[in-house]
Each structure stands twice: as C-alpha cells, then as structure tokens.
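Undergrad: Please see the structure below; I have some questions.
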Amino acid sequence: MSTLELQIQTLPDGPGVYQYYDKEGKILYVGKAKNLKKRVSSYFNKIHDTAKTNVLVKKIVTIKHIVVPTETDALLLENNLIKTLQPRYNVLLRDDKSYPWICIKKEPFSRIFSTRRMIKDGSEYFGPYTSFKTVSTILELIKELYPLRTCNYDLSKSNIESGKFKVCLEYHIGNCKGPCEGYESLENYQKQVDAIREILKGNFKESMKDFKKVMNDLARDMHFEEAQKIKEKIEILENYQSRSTIINPKITNIDVFSIVSDETAAFVNFLQISHGSIIRSHTMEIKKKLDETDEELLELAIIELRERFQLLSKEIIVPFEIDLGEKIKVTVPQLGDKKQILDLSIRNAKFYRIEQLKQLQIVDPDRHTNRIMAQMQKDLRLPVEPRHIECFDNSNIQGTNPVSACVVFKDGKPSKKDYRHFNIKTVEGPDDFASMTEVVYRRYKRLLDENEPLPQLIIIDGGKGQLSSALKSIDELGLRGKITIIGIAKRLEELFYPGDSIPLYLDKKSETLKVIQQLRNEAHRFGITHHRDKRSKSALNSSIESIPGIGEKTMLALIQHFKSVKRLKLATEKEISDVIGVSKAKKIVDFYKTN
C-alpha cells in the first residue's frame, strides 16, 4: 500500500479541512468536508470531468487535515486558509470577500448592523455567519422586537440637549423612540442593547419571553400571517450557530499548543491564530526515550515549533502550566473562547495519534500486536506477555437454563475456533459462584488431559466472589502460580487480583483496558447467544411434547429446522409438511389452532 493510500484509509469520518501538498511540500489545494474520509477518497477513485482536477490529483503526495466541530467551522476555516496560503488550484475564494458579522457599535445609543469589515475601535462583533439569510433574519427580528435608531448621528449628550437633531420618519412610524431629541433615555436604550447582545450570544432564555409575547399579541389581534412570520424567525434563530470556534475577534495573534501521549510517544498539536483566525495547524510526534513527563515534552516541542515556524507571538495557550521564560505569557484557560480553541487543538492531537496507530496496524501488524502485548504485560504486572487469554462469563435468566461461555484471544485478537460453551451439569438453580467453579475446572482439566497449551491470563467476568470460585478449581488442578487469573467488575471496571483486597484501576483510555473490555463483551455476547438458543429449544421441546401423536424423532427434526416455538407457530402447513410429512403437519397445525 502506498503512503498516499495509507493516509486516505486512516482519515477521520468527521468534518474538517483537508490540504493537498506536492512532492516539494508546496500547497496545491485546500478544501472543506462534512466527512473528510469520504470527500478525500472521492478524488482518487474516479476520473474527473475537468483536466485541472485530474492534473491536481496526479501531483498530490501528502494530505494534511484539521478536524473541526461542525461543517460551518470547516467552511470558515477553509476561507481563512485559502486567503492565507493562496493555493494554486483554489481560485474562487482568493478575493477579499469575507463572511458577514453583526456589529454593536461603540457609541452612545449604539447602532446594530451587518458588516464585512472589522474595525478595531472597541465595537463588538458577532459571527462570522456563513449565511447572509441568517444575518438578515436576526437583524429583522431585532428590529421588530426592539425599536433602535438607524441614523448615523453623533448622539452625544451635548448634541441632544442643544436640539441639534430632529426626529425622522422612523420615529413617526414607530421604529425608533427618538433618542435624538431626548425622547428616550440612554439607560433605557442600553437595556435593549444588552438584551440584543444576549440574543447574538445565543442566550435566548430571557428574550424568548419577548418573542412569544409579540407572537401571541399578533395572534390575539387576528394577525395570523405576521404571527407565523415571527414564529418562523424564532425557529431559525433557535437553530443558528451564534459563535464559531474558528474565528473569534477577541483572540488575536496567539499560538495554541496541546499534547496527547501514550507509553511510547507524545503528539503535540499547534494552532497559529492571527487576527482571530486560524491560519496554520501542525501536529508532530515525539518518541519517548525515558519516562519524560508531558510538561517536559511540551516545553521542548514549543521551543522547536516556534523556531521552525518563526513564531513571534507574546502569548501562548497550553493545557497546563509550563515555564518558557518571562517574555512569553502562558495562559491555561478553564472556560470561554480560549478554552474552546485549546479543546480544538487537543482534538486534533488525539485524531493524529489514532491515525498513526491505524497506519502502524496496517503497515506492520506484528509490531502493533507486540506493542499492545508488551503494554498489557506492564499494566497488569504479568510475568510474561499475555499472548493467549481466556475469559469466562455465566448466563442465566431467572435461574433457567444456566450456561457458561469461554472466549479465547490470541495475540490480542479473537480466536473463534477456540471458543467453548458449557452447559452447567452439577449445579442446581442460579448459583453463579458454583457454576464458575465447575466450568473453570472442566476447561483446564480437559486442556491438561489433552496436553493442550494453557493461557497466560484468565479473566473472570465478575468481582471477588466469582474470582474466588474460579481460584478453587485452579488450586485443585495445581495451576496456582502457573497462570495469572484476574476478575473484572462491571460497574467501575475494577480489576481484582487473588489475595489483594484493593482493586486495580486502569486509565479508561488505555489499550489494555480496551482489550479486556472487548474480551468481557465478547464472552457476554457468546454466552447470551447460547443461552437464548438453549432456552428456545427447551421451550420448543416442552411445546412439541404436549402434541398428541408427535414422537421424539419428529420433535428433533422440527427443533433443527424451526429453532423456536414462534417460528413453528407462524409456519404454514406446507412448510411443516416439507419437514415431517402431511399427516403430522396437520396434527401440529390443528393443535396450535385450538390452543
């Protein structure tokens, strides 16, 4: 498999922006996608209609991507990157066009309007919005709810008191309360602006009361068409995204660094933000030599990345405190916009790590397996790598048809030909502990008798009670010390060891715990399937036995064919006669009709 195919195969399925590079490392194209893997794959699995696209595909050597929360964020990020990087094959978004914002102007009796240009005069900007329809809807609704001025007069206190301005038509038709002539106080006007600010932030709880009041008043006055229009606008506003993670005018010229690490490597993601927009993203992998901490690795990575990309920003955002000297301000956000952008960086680092692991699994599956086995040995404190693991689980419902299942994993993968079912023979009623003692004894007595290889690790699905029960059989067979045996309790994923009252807790994200959970879930699935089959056959047996004139041979033929009472009842006389003959089929059909 080529490097390019490998990159495509391990792309994430979420929204994001992809970047194509040629063999010299020059950027060719930037695009957005709702599903990165599907979108990028579509370039390589067909001949395109345009010669330009076919030439582009031939030149692609490397694919980079940035994962974002929503498709809207992908659209905005694509716009930023095209304007910053100027890729050769992007032509549509190279112009100066930008997405619209809603501005609350910093002035007495603030105006609220849409704009494509951000001016740093202390005014507040909300957005950007990918749809001008959304902006128009918001401004129209604000206009209907709050009578604000639309003129561009300088409404200073002295100008109003001197009578410099006169009210215009907007005042006479009720769209403005006339602050230019002092008919409305600045305090009252400002309350309306505060309410609008909350709407633009997406906080509708207080304002929704005003919305509904306007709608209900219109409906009460029989103005149903106008009321419906207000209702439609409210619905649009409830669904609109008030703020983007990708562009935020409050964050300017800041670098964001995050780290995600495992036992062997750390992955550091870097986002460069200029004038509130993400203009660069890069993730690097650092191989661990000793037990370096995340703090040490992140400090080294930041120094390396700042030098490589010639970063000069005076502030950086990181997930924890680090020391970079007095000249650089280090921010560790807990809430708000900066925390959102840090979370985006962490998300990209996590996706990069997952992709690297997937690529390793495809390219070198043995190395991937060896790594997991070595990690399991370390995490579970085992004397040897657990190449052969067996897991036991009991199944019974209200004490009926108790069964047990044993699933086998070899080199971290299911070995289904080695799975075994056990029907409980020596235990009466629903006794989980005694059932576990029986099946563990039967399993390893047989392996010893047949001189088959024993597992390095046994996992018991249950807590201390089930583990103690299994240990009785291990001791009786003289296997204590030869095989490691542990129990896993479902509620908190606690791992119990023989003779140790304190459970072991593994990191919820660790690969060791994931393998154990997979074993436990597979044993549960396998046991439940067998239990259902056995219960169905038992029900079918008891049902068929009560039909006059049906013997054991006929009963077995029906069980093998129909599997359950329900299927037998739903079967036609023709379907049954195909299995056991016409006369017996008639007896069965008549029996179920009368009963």
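By convention in this document, the chains of the structure tokens carry letters A, B, ... by their order, each chain's residues are numbered from 1, and ligands are numbered from 1 in the order they are shown.
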With DSSP run on the backbone, what are the strand (DSSP E or B) residues within range 20-140 of chain A? I'd like them as a list in words.

TA: Tyr20, Tyr21, Ile27, Leu28, Tyr29, Val30, Gly31, Lys32, Ala33, Thr62, Ile63, Lys64, His65, Ile66, Val67, Trp101, Ile102, Cys103, Ile104, Ile112, Phe113, Ser114, Thr115, Glu124, Tyr125 and Phe126 of chain A

Undergrad: Could you save the residues just selected, with N, CA, C and O atoms, as an mmCIF file, in the first residue's frame?

TA:
```cif
data_model
loop_
_atom_site.group_PDB
_atom_site.id
_atom_site.type_symbol
_atom_site.label_atom_id
_atom_site.label_comp_id
_atom_site.auth_asym_id
_atom_site.auth_seq_id
_atom_site.Cartn_x
_atom_site.Cartn_y
_atom_site.Cartn_z
ATOM 1 N N TYR A 20 -3.838 19.581 0.286
ATOM 2 C CA TYR A 20 -3.019 18.723 -0.577
ATOM 3 C C TYR A 20 -1.665 19.401 -0.829
ATOM 4 O O TYR A 20 -1.608 20.594 -1.137
ATOM 5 N N TYR A 21 -0.584 18.605 -0.736
ATOM 6 C CA TYR A 21 0.765 19.117 -0.979
ATOM 7 C C TYR A 21 1.450 18.272 -2.057
ATOM 8 O O TYR A 21 1.181 17.069 -2.173
ATOM 9 N N ILE A 27 1.857 23.796 -1.181
ATOM 10 C CA ILE A 27 0.419 23.525 -1.069
ATOM 11 C C ILE A 27 -0.252 23.688 -2.429
ATOM 12 O O ILE A 27 0.000 24.635 -3.176
ATOM 13 N N LEU A 28 -1.112 22.708 -2.759
ATOM 14 C CA LEU A 28 -1.820 22.709 -4.042
ATOM 15 C C LEU A 28 -3.269 23.146 -3.898
ATOM 16 O O LEU A 28 -3.784 23.897 -4.714
ATOM 17 N N TYR A 29 -3.926 22.651 -2.830
ATOM 18 C CA TYR A 29 -5.376 22.856 -2.756
ATOM 19 C C TYR A 29 -5.837 22.764 -1.302
ATOM 20 O O TYR A 29 -5.301 21.981 -0.510
ATOM 21 N N VAL A 30 -6.829 23.557 -0.958
ATOM 22 C CA VAL A 30 -7.485 23.498 0.356
ATOM 23 C C VAL A 30 -8.972 23.289 0.124
ATOM 24 O O VAL A 30 -9.572 23.977 -0.714
ATOM 25 N N GLY A 31 -9.556 22.351 0.825
ATOM 26 C CA GLY A 31 -10.989 22.092 0.674
ATOM 27 C C GLY A 31 -11.617 21.752 2.013
ATOM 28 O O GLY A 31 -10.939 21.403 2.974
ATOM 29 N N LYS A 32 -12.936 21.852 2.083
ATOM 30 C CA LYS A 32 -13.672 21.511 3.307
ATOM 31 C C LYS A 32 -14.473 20.237 3.068
ATOM 32 O O LYS A 32 -14.742 19.865 1.918
ATOM 33 N N ALA A 33 -14.873 19.583 4.144
ATOM 34 C CA ALA A 33 -15.640 18.346 4.008
ATOM 35 C C ALA A 33 -16.511 18.122 5.231
ATOM 36 O O ALA A 33 -16.123 18.436 6.353
ATOM 37 N N THR A 62 1.153 14.422 -0.372
ATOM 38 C CA THR A 62 0.853 14.446 1.065
ATOM 39 C C THR A 62 -0.510 15.084 1.309
ATOM 40 O O THR A 62 -0.874 16.045 0.632
ATOM 41 N N ILE A 63 -1.234 14.523 2.267
ATOM 42 C CA ILE A 63 -2.527 15.090 2.677
ATOM 43 C C ILE A 63 -2.429 15.473 4.146
ATOM 44 O O ILE A 63 -2.062 14.651 4.997
ATOM 45 N N LYS A 64 -2.743 16.732 4.443
ATOM 46 C CA LYS A 64 -2.856 17.171 5.833
ATOM 47 C C LYS A 64 -4.300 17.580 6.081
ATOM 48 O O LYS A 64 -5.017 17.945 5.149
ATOM 49 N N HIS A 65 -4.697 17.537 7.329
ATOM 50 C CA HIS A 65 -6.083 17.935 7.608
ATOM 51 C C HIS A 65 -6.196 18.531 9.002
ATOM 52 O O HIS A 65 -5.341 18.305 9.865
ATOM 53 N N ILE A 66 -7.259 19.297 9.202
ATOM 54 C CA ILE A 66 -7.583 19.873 10.509
ATOM 55 C C ILE A 66 -9.017 19.465 10.824
ATOM 56 O O ILE A 66 -9.933 19.720 10.032
ATOM 57 N N VAL A 67 -9.211 18.821 11.956
ATOM 58 C CA VAL A 67 -10.554 18.388 12.374
ATOM 59 C C VAL A 67 -11.218 19.533 13.126
ATOM 60 O O VAL A 67 -10.597 20.184 13.967
ATOM 61 N N TRP A 101 -20.453 39.856 9.557
ATOM 62 C CA TRP A 101 -20.514 39.923 11.013
ATOM 63 C C TRP A 101 -21.689 40.830 11.390
ATOM 64 O O TRP A 101 -22.178 41.600 10.574
ATOM 65 N N ILE A 102 -22.109 40.743 12.639
ATOM 66 C CA ILE A 102 -23.061 41.718 13.173
ATOM 67 C C ILE A 102 -22.298 42.568 14.192
ATOM 68 O O ILE A 102 -21.653 42.033 15.091
ATOM 69 N N CYS A 103 -22.368 43.868 14.008
ATOM 70 C CA CYS A 103 -21.584 44.799 14.836
ATOM 71 C C CYS A 103 -22.504 45.569 15.788
ATOM 72 O O CYS A 103 -23.557 46.066 15.395
ATOM 73 N N ILE A 104 -22.087 45.636 17.064
ATOM 74 C CA ILE A 104 -22.697 46.574 18.026
ATOM 75 C C ILE A 104 -21.688 47.711 18.186
ATOM 76 O O ILE A 104 -20.631 47.548 18.791
ATOM 77 N N ILE A 112 -26.773 48.868 15.559
ATOM 78 C CA ILE A 112 -26.502 47.439 15.333
ATOM 79 C C ILE A 112 -26.733 47.161 13.850
ATOM 80 O O ILE A 112 -27.823 47.418 13.322
ATOM 81 N N PHE A 113 -25.693 46.678 13.178
ATOM 82 C CA PHE A 113 -25.798 46.497 11.717
ATOM 83 C C PHE A 113 -24.855 45.380 11.266
ATOM 84 O O PHE A 113 -23.986 44.931 12.023
ATOM 85 N N SER A 114 -25.011 44.943 10.015
ATOM 86 C CA SER A 114 -24.129 43.903 9.460
ATOM 87 C C SER A 114 -22.976 44.570 8.716
ATOM 88 O O SER A 114 -23.115 45.672 8.183
ATOM 89 N N THR A 115 -21.835 43.876 8.715
ATOM 90 C CA THR A 115 -20.649 44.414 8.029
ATOM 91 C C THR A 115 -19.728 43.274 7.641
ATOM 92 O O THR A 115 -19.756 42.213 8.241
ATOM 93 N N GLU A 124 -18.212 45.729 19.294
ATOM 94 C CA GLU A 124 -18.330 44.275 19.442
ATOM 95 C C GLU A 124 -18.773 43.660 18.110
ATOM 96 O O GLU A 124 -19.670 44.203 17.442
ATOM 97 N N TYR A 125 -18.153 42.523 17.756
ATOM 98 C CA TYR A 125 -18.505 41.842 16.515
ATOM 99 C C TYR A 125 -18.943 40.412 16.843
ATOM 100 O O TYR A 125 -18.277 39.705 17.613
ATOM 101 N N PHE A 126 -20.043 39.986 16.254
ATOM 102 C CA PHE A 126 -20.570 38.633 16.456
ATOM 103 C C PHE A 126 -20.600 37.901 15.115
ATOM 104 O O PHE A 126 -21.046 38.451 14.107
#
```

Undergrad: Write out as a VMD selection string the set of residues from range 84-213 of chain A that DSSP, computed on the backbone, places in alpha helix (DSSP H).

TA: chain A and resid 84 to 85 132 to 145 157 to 161 169 to 172 186 to 201 205 to 213

Undergrad: Would you please work out which residue, of A:Gln228, A:Ser261, A:Asn188, A:Gln272, is nearest to Thr84 in chain A when using only C-alpha atoms?

TA: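 Once distances to Thr84 in chain A are computed over only C-alpha atoms, the minimum belongs to A:Gln272.
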
Undergrad: Just the residues within 9 Å of Val260 in chain A, please, counting only C-alpha atoms, with nothing from its chain fewer than 5 positions along; format it as a PyMOL selection string.

TA: chain A and resi 265-269+294+346+349-350+353

Undergrad: So, counting only C-alpha atoms, which residue among A:Thr437, A:Ser156, A:Ser110, A:Gln456 is closest to Ser468 in chain A?

TA: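 Counting only C-alpha atoms, the residue closest to Ser468 in chain A is A:Thr437.
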